[in-house]
$ cat my_file.cif   # mmCIF, C-alpha atoms and all ligand atoms
data_protein
loop_
_atom_site.group_PDB
_atom_site.id
_atom_site.type_symbol
_atom_site.label_atom_id
_atom_site.label_comp_id
_atom_site.auth_asym_id
_atom_site.auth_seq_id
_atom_site.Cartn_x
_atom_site.Cartn_y
_atom_site.Cartn_z
ATOM 1 C CA MET O 11 -18.796 36.684 -39.523
ATOM 2 C CA LYS O 12 -16.604 34.355 -37.398
ATOM 3 C CA ARG O 13 -14.694 31.768 -39.393
ATOM 4 C CA ILE O 14 -14.523 28.269 -37.917
ATOM 5 C CA LEU O 15 -12.140 25.353 -38.368
ATOM 6 C CA ILE O 16 -13.057 21.920 -36.981
ATOM 7 C CA ARG O 17 -10.188 19.618 -36.009
ATOM 8 C CA GLY O 18 -11.614 16.104 -36.295
ATOM 9 C CA ILE O 19 -14.223 17.067 -38.897
ATOM 10 C CA THR O 20 -14.600 13.496 -40.227
ATOM 11 C CA GLY O 21 -15.450 11.980 -36.823
ATOM 12 C CA SER O 22 -18.889 11.479 -35.245
ATOM 13 C CA MET O 23 -18.785 14.803 -33.399
ATOM 14 C CA GLY O 24 -16.998 16.629 -36.205
ATOM 15 C CA VAL O 25 -19.705 15.741 -38.746
ATOM 16 C CA GLU O 26 -22.517 16.669 -36.322
ATOM 17 C CA THR O 27 -20.816 20.012 -35.562
ATOM 18 C CA ALA O 28 -20.087 20.747 -39.233
ATOM 19 C CA SER O 29 -23.764 20.160 -40.095
ATOM 20 C CA MET O 30 -24.896 22.454 -37.275
ATOM 21 C CA ILE O 31 -22.541 25.286 -38.309
ATOM 22 C CA ILE O 32 -23.320 25.003 -42.035
ATOM 23 C CA SER O 33 -27.052 25.120 -41.230
ATOM 24 C CA HIS O 34 -26.699 28.432 -39.319
ATOM 25 C CA SER O 35 -25.902 31.566 -41.280
ATOM 26 C CA ASP O 36 -24.074 33.499 -38.535
ATOM 27 C CA TYR O 37 -20.841 31.427 -38.578
ATOM 28 C CA LYS O 38 -18.800 30.268 -41.538
ATOM 29 C CA LEU O 39 -17.211 26.845 -41.547
ATOM 30 C CA VAL O 40 -14.039 27.341 -43.577
ATOM 31 C CA ALA O 41 -11.956 24.208 -43.013
ATOM 32 C CA GLY O 42 -11.582 20.871 -41.330
ATOM 33 C CA LEU O 43 -8.647 18.791 -40.194
ATOM 34 C CA ALA O 44 -8.453 15.014 -40.238
ATOM 35 C CA GLU O 45 -5.749 12.421 -39.857
ATOM 36 C CA GLU O 46 -6.552 9.630 -42.352
ATOM 37 C CA ASN O 47 -9.884 10.401 -44.036
ATOM 38 C CA LEU O 48 -8.659 13.380 -46.018
ATOM 39 C CA ASN O 49 -10.542 12.626 -49.210
ATOM 40 C CA VAL O 50 -14.012 12.045 -47.802
ATOM 41 C CA ASP O 51 -17.021 13.734 -49.333
ATOM 42 C CA LEU O 52 -18.200 16.075 -46.571
ATOM 43 C CA SER O 53 -21.487 16.780 -48.357
ATOM 44 C CA ARG O 54 -22.242 13.050 -48.255
ATOM 45 C CA LEU O 55 -21.298 12.822 -44.545
ATOM 46 C CA THR O 56 -23.403 15.839 -43.552
ATOM 47 C CA GLY O 57 -26.118 15.468 -46.171
ATOM 48 C CA LEU O 58 -25.635 19.181 -46.974
ATOM 49 C CA SER O 59 -24.619 20.401 -50.430
ATOM 50 C CA LYS O 60 -22.905 23.531 -48.967
ATOM 51 C CA ALA O 61 -20.350 21.252 -47.292
ATOM 52 C CA THR O 62 -18.471 21.002 -50.599
ATOM 53 C CA ASP O 63 -17.081 24.546 -49.887
ATOM 54 C CA VAL O 64 -15.177 23.202 -46.861
ATOM 55 C CA SER O 65 -11.636 21.937 -47.504
ATOM 56 C CA ILE O 66 -10.131 19.169 -45.384
ATOM 57 C CA PHE O 67 -6.450 19.497 -44.448
ATOM 58 C CA ALA O 68 -3.898 17.285 -42.704
ATOM 59 C CA ASP O 69 -1.736 20.195 -41.565
ATOM 60 C CA LEU O 70 -3.013 22.880 -39.188
ATOM 61 C CA LYS O 71 -0.641 25.638 -40.317
ATOM 62 C CA GLU O 72 -1.534 25.090 -43.962
ATOM 63 C CA ALA O 73 -5.254 25.137 -43.098
ATOM 64 C CA VAL O 74 -4.918 28.382 -41.128
ATOM 65 C CA LEU O 75 -2.807 30.151 -43.777
ATOM 66 C CA SER O 76 -5.190 29.151 -46.589
ATOM 67 C CA THR O 77 -8.561 29.674 -44.889
ATOM 68 C CA LYS O 78 -7.915 32.230 -42.080
ATOM 69 C CA PRO O 79 -10.175 30.882 -39.317
ATOM 70 C CA ASP O 80 -10.798 32.748 -36.019
ATOM 71 C CA ILE O 81 -11.840 29.759 -33.886
ATOM 72 C CA MET O 82 -10.819 26.095 -33.806
ATOM 73 C CA ILE O 83 -13.270 23.511 -32.466
ATOM 74 C CA ASP O 84 -11.538 20.254 -31.497
ATOM 75 C CA PHE O 85 -13.200 16.820 -31.428
ATOM 76 C CA THR O 86 -10.299 14.405 -31.890
ATOM 77 C CA VAL O 87 -8.267 12.111 -29.623
ATOM 78 C CA PRO O 88 -6.046 12.774 -26.611
ATOM 79 C CA ASP O 89 -2.877 11.609 -28.423
ATOM 80 C CA GLY O 90 -0.986 14.671 -29.667
ATOM 81 C CA LEU O 91 -3.793 16.960 -28.500
ATOM 82 C CA LEU O 92 -1.837 19.409 -26.321
ATOM 83 C CA PRO O 93 0.845 20.209 -28.966
ATOM 84 C CA ALA O 94 -1.889 20.743 -31.583
ATOM 85 C CA LEU O 95 -3.802 23.092 -29.265
ATOM 86 C CA LYS O 96 -0.655 25.062 -28.465
ATOM 87 C CA GLN O 97 0.114 25.349 -32.182
ATOM 88 C CA ALA O 98 -3.410 26.672 -32.799
ATOM 89 C CA LEU O 99 -2.921 29.288 -30.039
ATOM 90 C CA ASP O 100 0.442 30.238 -31.616
ATOM 91 C CA LEU O 101 -1.418 30.759 -34.901
ATOM 92 C CA GLY O 102 -3.784 33.216 -33.178
ATOM 93 C CA LEU O 103 -6.913 31.039 -32.849
ATOM 94 C CA ASP O 104 -9.356 30.881 -29.951
ATOM 95 C CA LEU O 105 -10.293 27.336 -28.936
ATOM 96 C CA ILE O 106 -13.428 25.347 -28.129
ATOM 97 C CA ILE O 107 -12.329 21.864 -27.061
ATOM 98 C CA GLY O 108 -14.678 18.922 -26.646
ATOM 99 C CA THR O 109 -11.973 16.276 -26.781
ATOM 100 C CA THR O 110 -11.497 14.470 -23.478
ATOM 101 C CA GLY O 111 -8.507 12.611 -22.052
ATOM 102 C CA LEU O 112 -6.084 15.427 -21.186
ATOM 103 C CA GLN O 113 -4.228 14.797 -17.918
ATOM 104 C CA GLU O 114 -4.519 17.334 -15.080
ATOM 105 C CA ASP O 115 -0.980 18.688 -15.675
ATOM 106 C CA GLU O 116 -1.740 19.102 -19.401
ATOM 107 C CA ILE O 117 -4.881 21.081 -18.544
ATOM 108 C CA GLN O 118 -2.820 23.378 -16.300
ATOM 109 C CA GLU O 119 -0.242 23.826 -19.093
ATOM 110 C CA LEU O 120 -2.994 24.684 -21.591
ATOM 111 C CA LYS O 121 -4.469 27.221 -19.160
ATOM 112 C CA ALA O 122 -1.102 28.950 -18.670
ATOM 113 C CA TYR O 123 -0.406 28.908 -22.422
ATOM 114 C CA THR O 124 -3.833 30.453 -23.172
ATOM 115 C CA GLU O 125 -3.283 33.227 -20.625
ATOM 116 C CA ASP O 126 0.192 33.892 -21.978
ATOM 117 C CA LYS O 127 -1.265 34.374 -25.478
ATOM 118 C CA SER O 128 -4.193 36.510 -24.154
ATOM 119 C CA ALA O 129 -6.466 34.077 -25.999
ATOM 120 C CA THR O 130 -9.704 32.310 -25.064
ATOM 121 C CA THR O 131 -9.849 28.550 -24.535
ATOM 122 C CA MET O 132 -13.051 26.751 -23.594
ATOM 123 C CA LEU O 133 -12.457 23.186 -22.427
ATOM 124 C CA ILE O 134 -15.914 21.562 -22.174
ATOM 125 C CA PRO O 135 -16.016 17.926 -20.995
ATOM 126 C CA ASN O 136 -19.723 17.651 -21.869
ATOM 127 C CA PHE O 137 -21.800 19.975 -24.070
ATOM 128 C CA SER O 138 -25.210 18.480 -23.214
ATOM 129 C CA LEU O 139 -27.488 20.389 -20.883
ATOM 130 C CA GLY O 140 -28.616 17.234 -19.068
ATOM 131 C CA ALA O 141 -25.046 16.306 -18.183
ATOM 132 C CA VAL O 142 -24.371 19.814 -16.878
ATOM 133 C CA LEU O 143 -27.509 19.627 -14.708
ATOM 134 C CA MET O 144 -26.487 16.163 -13.486
ATOM 135 C CA MET O 145 -23.170 17.650 -12.319
ATOM 136 C CA GLU O 146 -24.901 20.587 -10.615
ATOM 137 C CA PHE O 147 -27.393 18.336 -8.776
ATOM 138 C CA ALA O 148 -24.622 15.888 -7.868
ATOM 139 C CA SER O 149 -22.606 18.734 -6.405
ATOM 140 C CA LYS O 150 -25.604 19.754 -4.277
ATOM 141 C CA ALA O 151 -26.366 16.172 -3.189
ATOM 142 C CA SER O 152 -22.771 15.623 -2.071
ATOM 143 C CA LYS O 153 -23.278 18.124 0.753
ATOM 144 C CA TYR O 154 -25.770 15.707 2.317
ATOM 145 C CA PHE O 155 -24.497 12.365 0.966
ATOM 146 C CA PRO O 156 -20.696 12.381 1.259
ATOM 147 C CA ARG O 157 -20.268 8.787 -0.052
ATOM 148 C CA ALA O 158 -20.653 8.469 -3.819
ATOM 149 C CA GLU O 159 -19.566 6.316 -6.760
ATOM 150 C CA ILE O 160 -19.915 6.916 -10.510
ATOM 151 C CA ILE O 161 -20.687 4.404 -13.260
ATOM 152 C CA GLU O 162 -20.090 5.758 -16.751
ATOM 153 C CA GLY O 163 -20.751 3.835 -19.970
ATOM 154 C CA HIS O 164 -19.643 4.561 -23.525
ATOM 155 C CA HIS O 165 -19.311 3.065 -27.006
ATOM 156 C CA GLU O 166 -16.307 0.844 -27.687
ATOM 157 C CA ASN O 167 -14.429 3.336 -29.917
ATOM 158 C CA LYS O 168 -13.857 5.792 -27.100
ATOM 159 C CA ALA O 169 -10.124 6.536 -26.829
ATOM 160 C CA ASP O 170 -10.022 7.506 -23.133
ATOM 161 C CA ALA O 171 -11.212 6.166 -19.783
ATOM 162 C CA PRO O 172 -12.682 7.259 -17.538
ATOM 163 C CA SER O 173 -14.809 9.783 -19.410
ATOM 164 C CA GLY O 174 -14.130 13.496 -19.115
ATOM 165 C CA THR O 175 -17.645 13.920 -17.731
ATOM 166 C CA SER O 176 -17.067 11.472 -14.875
ATOM 167 C CA ILE O 177 -13.849 13.225 -13.878
ATOM 168 C CA ALA O 178 -15.511 16.652 -14.009
ATOM 169 C CA THR O 179 -18.423 15.276 -11.927
ATOM 170 C CA ALA O 180 -16.137 13.784 -9.265
ATOM 171 C CA GLU O 181 -14.258 17.091 -9.044
ATOM 172 C CA LYS O 182 -17.530 18.929 -8.401
ATOM 173 C CA LEU O 183 -18.602 16.756 -5.438
ATOM 174 C CA GLU O 184 -17.830 18.960 -2.496
ATOM 175 C CA LYS O 185 -17.679 16.916 0.674
ATOM 176 C CA THR O 186 -16.895 13.428 -0.508
ATOM 177 C CA GLU O 187 -15.502 11.003 2.031
ATOM 178 C CA PRO O 188 -13.367 7.925 1.262
ATOM 179 C CA PHE O 189 -14.591 4.378 1.854
ATOM 180 C CA LEU O 190 -12.557 3.460 4.935
ATOM 181 C CA LYS O 191 -12.893 -0.340 4.729
ATOM 182 C CA GLU O 192 -11.043 -0.777 1.416
ATOM 183 C CA GLU O 193 -8.015 -2.297 3.205
ATOM 184 C CA GLU O 194 -10.177 -4.910 4.905
ATOM 185 C CA ILE O 195 -11.526 -6.367 1.648
ATOM 186 C CA LYS O 196 -9.984 -9.479 0.097
ATOM 187 C CA TYR O 197 -9.931 -8.731 -3.638
ATOM 188 C CA THR O 198 -10.200 -11.783 -5.891
ATOM 189 C CA ILE O 199 -10.189 -9.757 -9.140
ATOM 190 C CA GLU O 200 -7.751 -6.863 -9.569
ATOM 191 C CA GLY O 201 -9.234 -3.433 -10.324
ATOM 192 C CA VAL O 202 -12.760 -4.461 -9.385
ATOM 193 C CA ARG O 203 -13.306 -1.281 -7.356
ATOM 194 C CA GLY O 204 -12.585 0.986 -10.348
ATOM 195 C CA GLY O 205 -10.428 4.114 -10.285
ATOM 196 C CA GLU O 206 -10.566 6.987 -7.817
ATOM 197 C CA LYS O 207 -10.862 10.773 -8.075
ATOM 198 C CA ASN O 208 -11.645 13.090 -5.157
ATOM 199 C CA ASN O 209 -12.605 10.077 -2.973
ATOM 200 C CA VAL O 210 -15.149 8.956 -5.607
ATOM 201 C CA ARG O 211 -14.789 5.533 -7.253
ATOM 202 C CA ILE O 212 -15.324 5.655 -11.037
ATOM 203 C CA HIS O 213 -16.304 2.529 -13.000
ATOM 204 C CA SER O 214 -16.078 2.621 -16.817
ATOM 205 C CA LEU O 215 -18.257 0.382 -19.018
ATOM 206 C CA ARG O 216 -17.328 0.025 -22.712
ATOM 207 C CA LEU O 217 -20.001 -1.893 -24.641
ATOM 208 C CA PRO O 218 -21.557 -2.099 -28.100
ATOM 209 C CA GLY O 219 -24.994 -0.511 -28.057
ATOM 210 C CA LEU O 220 -23.980 2.271 -25.671
ATOM 211 C CA MET O 221 -23.481 5.873 -26.774
ATOM 212 C CA ALA O 222 -22.878 7.748 -23.503
ATOM 213 C CA ARG O 223 -24.428 7.435 -20.074
ATOM 214 C CA GLN O 224 -23.563 8.157 -16.459
ATOM 215 C CA GLU O 225 -24.976 7.342 -13.047
ATOM 216 C CA VAL O 226 -23.891 9.093 -9.874
ATOM 217 C CA ILE O 227 -24.953 6.918 -6.938
ATOM 218 C CA PHE O 228 -24.956 8.369 -3.435
ATOM 219 C CA GLY O 229 -25.202 6.157 -0.359
ATOM 220 C CA GLY O 230 -26.542 7.280 3.008
ATOM 221 C CA GLN O 231 -28.109 5.827 6.117
ATOM 222 C CA GLY O 232 -30.715 3.307 4.917
ATOM 223 C CA GLN O 233 -31.007 4.860 1.433
ATOM 224 C CA THR O 234 -29.368 5.509 -1.915
ATOM 225 C CA PHE O 235 -29.910 8.432 -4.257
ATOM 226 C CA THR O 236 -29.123 8.087 -7.987
ATOM 227 C CA LEU O 237 -28.762 10.678 -10.713
ATOM 228 C CA THR O 238 -28.718 9.320 -14.280
ATOM 229 C CA HIS O 239 -28.003 10.943 -17.614
ATOM 230 C CA ASN O 240 -28.413 9.107 -20.943
ATOM 231 C CA THR O 241 -27.245 10.410 -24.308
ATOM 232 C CA ILE O 242 -29.290 8.881 -27.116
ATOM 233 C CA SER O 243 -28.169 11.191 -29.949
ATOM 234 C CA ARG O 244 -25.070 13.308 -30.562
ATOM 235 C CA SER O 245 -27.439 16.118 -31.546
ATOM 236 C CA SER O 246 -27.813 16.629 -27.755
ATOM 237 C CA TYR O 247 -24.371 18.273 -27.726
ATOM 238 C CA MET O 248 -25.134 20.860 -30.415
ATOM 239 C CA PRO O 249 -26.953 23.555 -28.367
ATOM 240 C CA GLY O 250 -23.909 23.551 -26.036
ATOM 241 C CA VAL O 251 -21.427 23.873 -28.913
ATOM 242 C CA ARG O 252 -23.554 26.683 -30.297
ATOM 243 C CA LEU O 253 -23.606 28.407 -26.879
ATOM 244 C CA ALA O 254 -19.795 28.209 -26.687
ATOM 245 C CA LEU O 255 -19.545 29.810 -30.157
ATOM 246 C CA ASP O 256 -22.006 32.558 -29.192
ATOM 247 C CA ARG O 257 -20.156 33.366 -25.955
ATOM 248 C CA ILE O 258 -16.518 33.071 -27.004
ATOM 249 C CA GLU O 259 -16.241 36.710 -28.017
ATOM 250 C CA ASP O 260 -17.393 38.001 -24.573
ATOM 251 C CA LYS O 261 -15.022 35.710 -22.677
ATOM 252 C CA SER O 262 -11.280 35.669 -22.244
ATOM 253 C CA GLY O 263 -8.780 33.313 -20.635
ATOM 254 C CA PHE O 264 -9.387 29.681 -19.746
ATOM 255 C CA ILE O 265 -12.923 28.365 -19.178
ATOM 256 C CA TYR O 266 -13.571 24.813 -17.932
ATOM 257 C CA GLY O 267 -17.121 23.447 -18.223
ATOM 258 C CA LEU O 268 -20.335 24.534 -19.938
ATOM 259 C CA ASP O 269 -21.810 25.658 -16.589
ATOM 260 C CA LYS O 270 -19.537 28.730 -16.738
ATOM 261 C CA LEU O 271 -21.438 29.850 -19.872
ATOM 262 C CA LEU O 272 -24.984 29.297 -18.587
ATOM 263 C CA ASP O 273 -25.232 32.219 -16.104
HETATM 264 N N1 LIG S 1 -17.412 17.404 -24.887
HETATM 265 C C1 LIG S 1 -18.436 16.686 -25.345
HETATM 266 O O1 LIG S 1 -19.624 17.003 -25.108
HETATM 267 C C2 LIG S 1 -18.157 15.485 -26.165
HETATM 268 C C3 LIG S 1 -16.865 15.098 -26.324
HETATM 269 N N2 LIG S 1 -16.578 14.028 -27.093
HETATM 270 C C4 LIG S 1 -15.158 13.777 -27.292
HETATM 271 O O2 LIG S 1 -14.829 14.203 -28.604
HETATM 272 C C5 LIG S 1 -13.740 13.428 -29.083
HETATM 273 C C6 LIG S 1 -14.078 12.885 -30.472
HETATM 274 O O3 LIG S 1 -15.138 11.968 -30.359
HETATM 275 P P1 LIG S 1 -15.766 11.287 -31.662
HETATM 276 O O4 LIG S 1 -16.206 12.308 -32.629
HETATM 277 O O5 LIG S 1 -16.758 10.288 -31.171
HETATM 278 O O6 LIG S 1 -14.487 10.497 -32.243
HETATM 279 P P2 LIG S 1 -14.254 9.866 -33.686
HETATM 280 O O7 LIG S 1 -13.312 8.726 -33.494
HETATM 281 O O8 LIG S 1 -15.541 9.632 -34.373
HETATM 282 O O9 LIG S 1 -13.487 11.022 -34.496
HETATM 283 C C7 LIG S 1 -12.150 11.398 -34.241
HETATM 284 C C8 LIG S 1 -11.751 12.447 -35.257
HETATM 285 O O10 LIG S 1 -10.438 12.899 -34.929
HETATM 286 C C9 LIG S 1 -9.647 12.897 -36.107
HETATM 287 N N3 LIG S 1 -8.244 12.799 -35.731
HETATM 288 C C10 LIG S 1 -7.624 11.813 -35.025
HETATM 289 N N4 LIG S 1 -6.319 12.112 -34.870
HETATM 290 C C11 LIG S 1 -6.119 13.301 -35.480
HETATM 291 C C12 LIG S 1 -4.988 14.122 -35.682
HETATM 292 N N5 LIG S 1 -3.794 13.781 -35.203
HETATM 293 N N6 LIG S 1 -5.136 15.275 -36.369
HETATM 294 C C13 LIG S 1 -6.342 15.643 -36.876
HETATM 295 N N7 LIG S 1 -7.458 14.895 -36.717
HETATM 296 C C14 LIG S 1 -7.346 13.749 -36.029
HETATM 297 C C15 LIG S 1 -10.181 11.723 -36.925
HETATM 298 O O11 LIG S 1 -9.771 11.862 -38.290
HETATM 299 P P3 LIG S 1 -9.812 10.585 -39.319
HETATM 300 O O12 LIG S 1 -11.264 10.399 -39.678
HETATM 301 O O13 LIG S 1 -8.997 11.053 -40.468
HETATM 302 O O14 LIG S 1 -9.230 9.404 -38.587
HETATM 303 C C16 LIG S 1 -11.671 11.955 -36.713
HETATM 304 O O15 LIG S 1 -12.115 13.022 -37.545
HETATM 305 C C17 LIG S 1 -13.453 12.370 -28.016
HETATM 306 O O16 LIG S 1 -12.397 12.810 -27.200
HETATM 307 C C18 LIG S 1 -14.742 12.342 -27.202
HETATM 308 O O17 LIG S 1 -14.518 11.962 -25.878
HETATM 309 C C19 LIG S 1 -17.538 13.273 -27.698
HETATM 310 C C20 LIG S 1 -18.849 13.599 -27.540
HETATM 311 C C21 LIG S 1 -19.275 14.748 -26.753
HETATM 312 O O1 LIG S 2 -16.610 9.890 -26.226
HETATM 313 C C1 LIG S 2 -17.809 10.233 -26.101
HETATM 314 O O2 LIG S 2 -18.729 9.779 -26.799
HETATM 315 C C2 LIG S 2 -18.111 11.237 -25.059
HETATM 316 N N1 LIG S 2 -17.130 11.812 -24.444
HETATM 317 C C3 LIG S 2 -17.228 12.821 -23.450
HETATM 318 C C4 LIG S 2 -16.653 12.344 -22.120
HETATM 319 O O3 LIG S 2 -15.591 11.697 -22.114
HETATM 320 O O4 LIG S 2 -17.247 12.626 -21.084
HETATM 321 C C5 LIG S 2 -18.624 13.381 -23.334
HETATM 322 C C6 LIG S 2 -19.712 12.345 -23.512
HETATM 323 O O5 LIG S 2 -19.700 11.505 -22.417
HETATM 324 C C7 LIG S 2 -19.517 11.586 -24.809
#
$ encode --input "my_file.cif" --output "structure tokens"
Amino acid sequence: MKRILIRGITGSMGVETASMIISHSDYKLVAGLAEENLNVDLSRLTGLSKATDVSIFADLKEAVLSTKPDIMIDFTVPDGLLPALKQALDLGLDLIIGTTGLQEDEIQELKAYTEDKSATTMLIPNFSLGAVLMMEFASKASKYFPRAEIIEGHHENKADAPSGTSIATAEKLEKTEPFLKEEEIKYTIEGVRGGEKNNVRIHSLRLPGLMARQEVIFGGQGQTFTLTHNTISRSSYMPGVRLALDRIEDKSGFIYGLDKLLD
């Protein structure tokens, strides 16, 4: 039975993932890592009495030596993420990473490091099926509508902007064209046009009341076409996390995106 460690076990996604793994008998959750909340009662957080068997550590090496996990799932923050992931690979773990906010050069470094260790790393910007389908349909639509912008919205505790999903979506749009009149506009508020990736403008909302949502808006002659995905519960991510766990043994090397696991 595969032994799992969750880095970020006390966070929103960590608790949801811990509950999912504890409730399934084919994986064993052996440990968690946290930064500050080291003495929390995991059975209270998950509502599951079996969670008392799971120890929470501050130090990855200590956790690995004491509990011997095979796989680390990461739901933390971008700060200090790459060194922690490299340390986990050094300790012989395979990785499933949901944390967003790595820069492009850090992703390339992680890929090379994974290949060097002959390990498996899955970097999944969004585990929900609806978000994956939104990206697939957006990719298709971009062949016919080359002008597109993205509006993503998240809760106010999110540590990164724009979202990993919006970046992954912009990267998937195949024939995007830039807006050529940007230079002609007189801007009266700086930054009002958002950021840019692959010729796609990305606008990030951070508001109370939001969990996670994204709109991809295409503009064409006399029409617009909008794809929207709304996350209303973090349980939406769990079938994707479960799929990554089920597939990690058959895969090797670096995998980016849940779509690579759906075929
Ligand atoms: N791929 C996907 O489908 C999804 C990805 N995410 C991403 O997952 C990440 C986590 O989100 P969320 O659960 O909402 O965040 P939270 O703020 O709720 O949780 C963050 C967790 O990280 C822990 N942590 C922070 N720093 C460290 C550290 N240095 N070492 C160990 N643990 C640390 C915190 O521990 P402590 O409690 O001790 O502070 C906490 O457990 C974000 O990057 C988010 O974008 C979110 C949803 C879906
Ligand atoms: O922080 C979140 O909540 C989420 N983060 C991921 C992202 O940055 O895309 C996935 C989802 O949007 C929720």
$ residues_near_ligand --input "my_file.cif" --ligand "ligand LIG 1 (chain S)" --cutoff "7 Å" --atoms "only C-alpha atoms and all ligand atoms" --output "number ranges by chain"
O: 17-24, 43-48, 68, 85-88, 90, 108-111, 134-138, 167-170, 173-174, 244, 247
$ closest_residue --input "my_file.cif" --among "O:Ser214, O:Ser176, O:Asn209, O:Ser246" --to "ligand LIG 2 (chain S)" --atoms "all atoms listed in the file"
O:Ser176
$ axis_aligned_box --input "my_file.cif" --around "ligand LIG 2 (chain S)" --padding-each-side "6 Å" --output "JSON"
{"center_x": -17.7, "center_y": 11.6, "center_z": -23.9, "size_x": 16.1, "size_y": 15.6, "size_z": 17.7}
$ closest_residue --input "my_file.cif" --among "O:Lys121, O:Arg157, O:His164, O:Lys196" --to "ligand LIG 2 (chain S)" --atoms "all atoms listed in the file"
O:His164
$ atom_distance --input "my_file.cif" --atom1 "CA of Val50 in chain O" --atom2 "CA of Met30 in chain O"
18.4 Å
$ resolve_selection --input "my_file.cif" --expression "the PyMOL selection byres (((chain O and resi 82) around 9) and not hetatm)" --output "list in words"
Arg13, Ile14, Leu15, Ile16, Arg17, Pro79, Asp80, Ile81, Ile83, Asp84, Leu95, Ala98, Leu103, Asp104, Leu105, Ile106 and Ile107 of chain O
$ atom_distance --input "my_file.cif" --atom1 "CA of Val40 in chain O" --atom2 "CA of Gly267 in chain O"
25.8 Å
$ closest_residue --input "my_file.cif" --among "O:Leu271, O:Ile265, O:Leu58, O:Ala141" --to "ligand LIG 2 (chain S)" --atoms "only C-alpha atoms and all ligand atoms"
O:Ala141
$ atom_distance --input "my_file.cif" --atom1 "CA of Tyr266 in chain O" --atom2 "CA of Met132 in chain O"
6.0 Å
$ closest_residue --input "my_file.cif" --among "O:Phe264, O:Tyr37, O:Phe155, O:Phe147" --to "His239 in chain O" --atoms "all atoms listed in the file"
O:Phe147
$ decode --input "my_file.cif" --residues "range 154-201 of chain O" --atoms "C-alpha atoms" --output "PDB file, in the first residue's frame"
ATOM      1  CA  TYR O 154     -11.193  30.355 -34.533  1.00  0.00           C
ATOM      2  CA  PHE O 155     -11.093  33.308 -32.106  1.00  0.00           C
ATOM      3  CA  PRO O 156      -7.468  34.459 -31.847  1.00  0.00           C
ATOM      4  CA  ARG O 157      -8.247  37.414 -29.506  1.00  0.00           C
ATOM      5  CA  ALA O 158      -8.890  36.391 -25.902  1.00  0.00           C
ATOM      6  CA  GLU O 159      -8.671  37.709 -22.341  1.00  0.00           C
ATOM      7  CA  ILE O 160      -8.991  35.871 -19.015  1.00  0.00           C
ATOM      8  CA  ILE O 161     -10.639  37.050 -15.795  1.00  0.00           C
ATOM      9  CA  GLU O 162      -9.814  34.880 -12.796  1.00  0.00           C
ATOM     10  CA  GLY O 163     -11.194  35.407  -9.287  1.00  0.00           C
ATOM     11  CA  HIS O 164     -10.085  33.928  -5.974  1.00  0.00           C
ATOM     12  CA  HIS O 165     -10.402  34.266  -2.199  1.00  0.00           C
ATOM     13  CA  GLU O 166      -8.278  36.906  -0.485  1.00  0.00           C
ATOM     14  CA  ASN O 167      -5.823  34.470   1.174  1.00  0.00           C
ATOM     15  CA  LYS O 168      -4.379  33.308  -2.122  1.00  0.00           C
ATOM     16  CA  ALA O 169      -0.593  33.773  -2.062  1.00  0.00           C
ATOM     17  CA  ASP O 170      -0.018  34.103  -5.826  1.00  0.00           C
ATOM     18  CA  ALA O 171      -1.407  36.048  -8.780  1.00  0.00           C
ATOM     19  CA  PRO O 172      -2.354  35.360 -11.431  1.00  0.00           C
ATOM     20  CA  SER O 173      -3.672  31.880 -10.691  1.00  0.00           C
ATOM     21  CA  GLY O 174      -1.854  28.806 -11.948  1.00  0.00           C
ATOM     22  CA  THR O 175      -4.991  27.871 -13.881  1.00  0.00           C
ATOM     23  CA  SER O 176      -5.073  31.161 -15.795  1.00  0.00           C
ATOM     24  CA  ILE O 177      -1.424  30.800 -16.787  1.00  0.00           C
ATOM     25  CA  ALA O 178      -1.936  27.188 -17.890  1.00  0.00           C
ATOM     26  CA  THR O 179      -5.031  28.276 -19.878  1.00  0.00           C
ATOM     27  CA  ALA O 180      -3.202  31.119 -21.641  1.00  0.00           C
ATOM     28  CA  GLU O 181      -0.376  28.728 -22.539  1.00  0.00           C
ATOM     29  CA  LYS O 182      -2.875  26.347 -24.145  1.00  0.00           C
ATOM     30  CA  LEU O 183      -4.431  28.955 -26.475  1.00  0.00           C
ATOM     31  CA  GLU O 184      -2.871  28.117 -29.787  1.00  0.00           C
ATOM     32  CA  LYS O 185      -3.216  31.020 -32.175  1.00  0.00           C
ATOM     33  CA  THR O 186      -3.618  34.020 -29.936  1.00  0.00           C
ATOM     34  CA  GLU O 187      -2.934  37.417 -31.439  1.00  0.00           C
ATOM     35  CA  PRO O 188      -1.907  40.559 -29.517  1.00  0.00           C
ATOM     36  CA  PHE O 189      -4.148  43.612 -29.226  1.00  0.00           C
ATOM     37  CA  LEU O 190      -2.360  45.999 -31.587  1.00  0.00           C
ATOM     38  CA  LYS O 191      -3.876  49.277 -30.341  1.00  0.00           C
ATOM     39  CA  GLU O 192      -2.414  49.138 -26.815  1.00  0.00           C
ATOM     40  CA  GLU O 193       0.069  51.939 -27.638  1.00  0.00           C
ATOM     41  CA  GLU O 194      -2.719  54.234 -28.799  1.00  0.00           C
ATOM     42  CA  ILE O 195      -4.608  54.134 -25.487  1.00  0.00           C
ATOM     43  CA  LYS O 196      -4.191  56.890 -22.899  1.00  0.00           C
ATOM     44  CA  TYR O 197      -4.083  55.037 -19.572  1.00  0.00           C
ATOM     45  CA  THR O 198      -5.398  57.004 -16.595  1.00  0.00           C
ATOM     46  CA  ILE O 199      -4.909  54.138 -14.104  1.00  0.00           C
ATOM     47  CA  GLU O 200      -1.711  52.071 -14.188  1.00  0.00           C
ATOM     48  CA  GLY O 201      -2.082  48.308 -14.676  1.00  0.00           C
TER      49      GLY O 201
END
